[in-house]
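K.L.:
Below is a structure I'd like to ask you about.
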Amino acid sequence: MPSDAVPGLSPRQIECLRLAAAGKTSVEIAATLGLSSRTVDQYVGEACERLKVRNRTQAVAKAAELGLLSDHP
């Protein structure tokens, strides 16, 4: 399923979720993407809201279920 299947989930939010799925912390994701950890947490939090889940783990699981974490755009 393409990433545009979830309206409003930005490419940056998906990128943060992909890295979270790989076991990276907010600090590690921030260093990888050149962001602050607070910004990463904001992206993940917004993704949680849009995916209608409560936390990062659920967001990663839901995004994976929707096929959003694949390497293919």
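Simple scheme: letters A, B, ... for chains in structure tokens order, numbers from 1 for residues in each chain, numbers from 1 for ligands in the order shown.
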Using backbone DSSP assignments, extract all helix (DSSP H, G or I) residues from chain A; output them as an MDAnalysis selection string.
P.N.:
chainID A and resid 3:5 11:21 26:33 37:51 56:65
K.L.:
Could the residues in this selection be saved with C-alpha atoms as a PDB file, in the first residue's frame?
P.N.:
ATOM      1  CA  SER A   3       2.304   5.954   1.690  1.00  0.00           C
ATOM      2  CA  ASP A   4      -0.400   8.273   0.348  1.00  0.00           C
ATOM      3  CA  ALA A   5      -2.964   5.697   1.513  1.00  0.00           C
ATOM      4  CA  PRO A  11       7.273  11.421   4.400  1.00  0.00           C
ATOM      5  CA  ARG A  12       9.261  12.674   7.433  1.00  0.00           C
ATOM      6  CA  GLN A  13       6.828  11.004   9.850  1.00  0.00           C
ATOM      7  CA  ILE A  14       7.136   7.763   7.897  1.00  0.00           C
ATOM      8  CA  GLU A  15      10.924   8.097   7.936  1.00  0.00           C
ATOM      9  CA  CYS A  16      10.884   8.521  11.721  1.00  0.00           C
ATOM     10  CA  LEU A  17       8.654   5.460  12.085  1.00  0.00           C
ATOM     11  CA  ARG A  18      10.967   3.415   9.834  1.00  0.00           C
ATOM     12  CA  LEU A  19      13.924   4.279  12.024  1.00  0.00           C
ATOM     13  CA  ALA A  20      11.905   3.592  15.185  1.00  0.00           C
ATOM     14  CA  ALA A  21      11.002   0.203  13.719  1.00  0.00           C
ATOM     15  CA  SER A  26      14.557   9.556  19.378  1.00  0.00           C
ATOM     16  CA  VAL A  27      18.104  10.773  19.994  1.00  0.00           C
ATOM     17  CA  GLU A  28      19.506   8.344  17.413  1.00  0.00           C
ATOM     18  CA  ILE A  29      16.803   9.220  14.880  1.00  0.00           C
ATOM     19  CA  ALA A  30      17.469  12.912  15.455  1.00  0.00           C
ATOM     20  CA  ALA A  31      21.196  12.464  14.825  1.00  0.00           C
ATOM     21  CA  THR A  32      20.508  10.490  11.650  1.00  0.00           C
ATOM     22  CA  LEU A  33      18.062  13.048  10.255  1.00  0.00           C
ATOM     23  CA  SER A  37      14.996  14.688  19.518  1.00  0.00           C
ATOM     24  CA  ARG A  38      12.065  16.907  20.452  1.00  0.00           C
ATOM     25  CA  THR A  39      11.213  17.340  16.760  1.00  0.00           C
ATOM     26  CA  VAL A  40      11.430  13.580  16.247  1.00  0.00           C
ATOM     27  CA  ASP A  41       9.057  13.053  19.183  1.00  0.00           C
ATOM     28  CA  GLN A  42       6.683  15.592  17.637  1.00  0.00           C
ATOM     29  CA  TYR A  43       6.721  13.784  14.276  1.00  0.00           C
ATOM     30  CA  VAL A  44       6.090  10.445  15.950  1.00  0.00           C
ATOM     31  CA  GLY A  45       3.342  11.928  18.128  1.00  0.00           C
ATOM     32  CA  GLU A  46       1.599  13.406  15.113  1.00  0.00           C
ATOM     33  CA  ALA A  47       1.892  10.065  13.323  1.00  0.00           C
ATOM     34  CA  CYS A  48       0.297   8.389  16.359  1.00  0.00           C
ATOM     35  CA  GLU A  49      -2.645  10.779  16.172  1.00  0.00           C
ATOM     36  CA  ARG A  50      -3.123  10.248  12.456  1.00  0.00           C
ATOM     37  CA  LEU A  51      -2.849   6.477  12.774  1.00  0.00           C
ATOM     38  CA  ARG A  56       5.330   4.717  19.241  1.00  0.00           C
ATOM     39  CA  THR A  57       5.204   0.923  19.335  1.00  0.00           C
ATOM     40  CA  GLN A  58       1.597   0.865  18.166  1.00  0.00           C
ATOM     41  CA  ALA A  59       2.388   3.452  15.471  1.00  0.00           C
ATOM     42  CA  VAL A  60       5.218   1.305  14.124  1.00  0.00           C
ATOM     43  CA  ALA A  61       2.984  -1.784  14.137  1.00  0.00           C
ATOM     44  CA  LYS A  62       0.114   0.047  12.404  1.00  0.00           C
ATOM     45  CA  ALA A  63       2.414   1.620   9.809  1.00  0.00           C
ATOM     46  CA  ALA A  64       3.925  -1.804   9.098  1.00  0.00           C
ATOM     47  CA  GLU A  65       0.445  -3.307   8.790  1.00  0.00           C
TER      48      GLU A  65
END
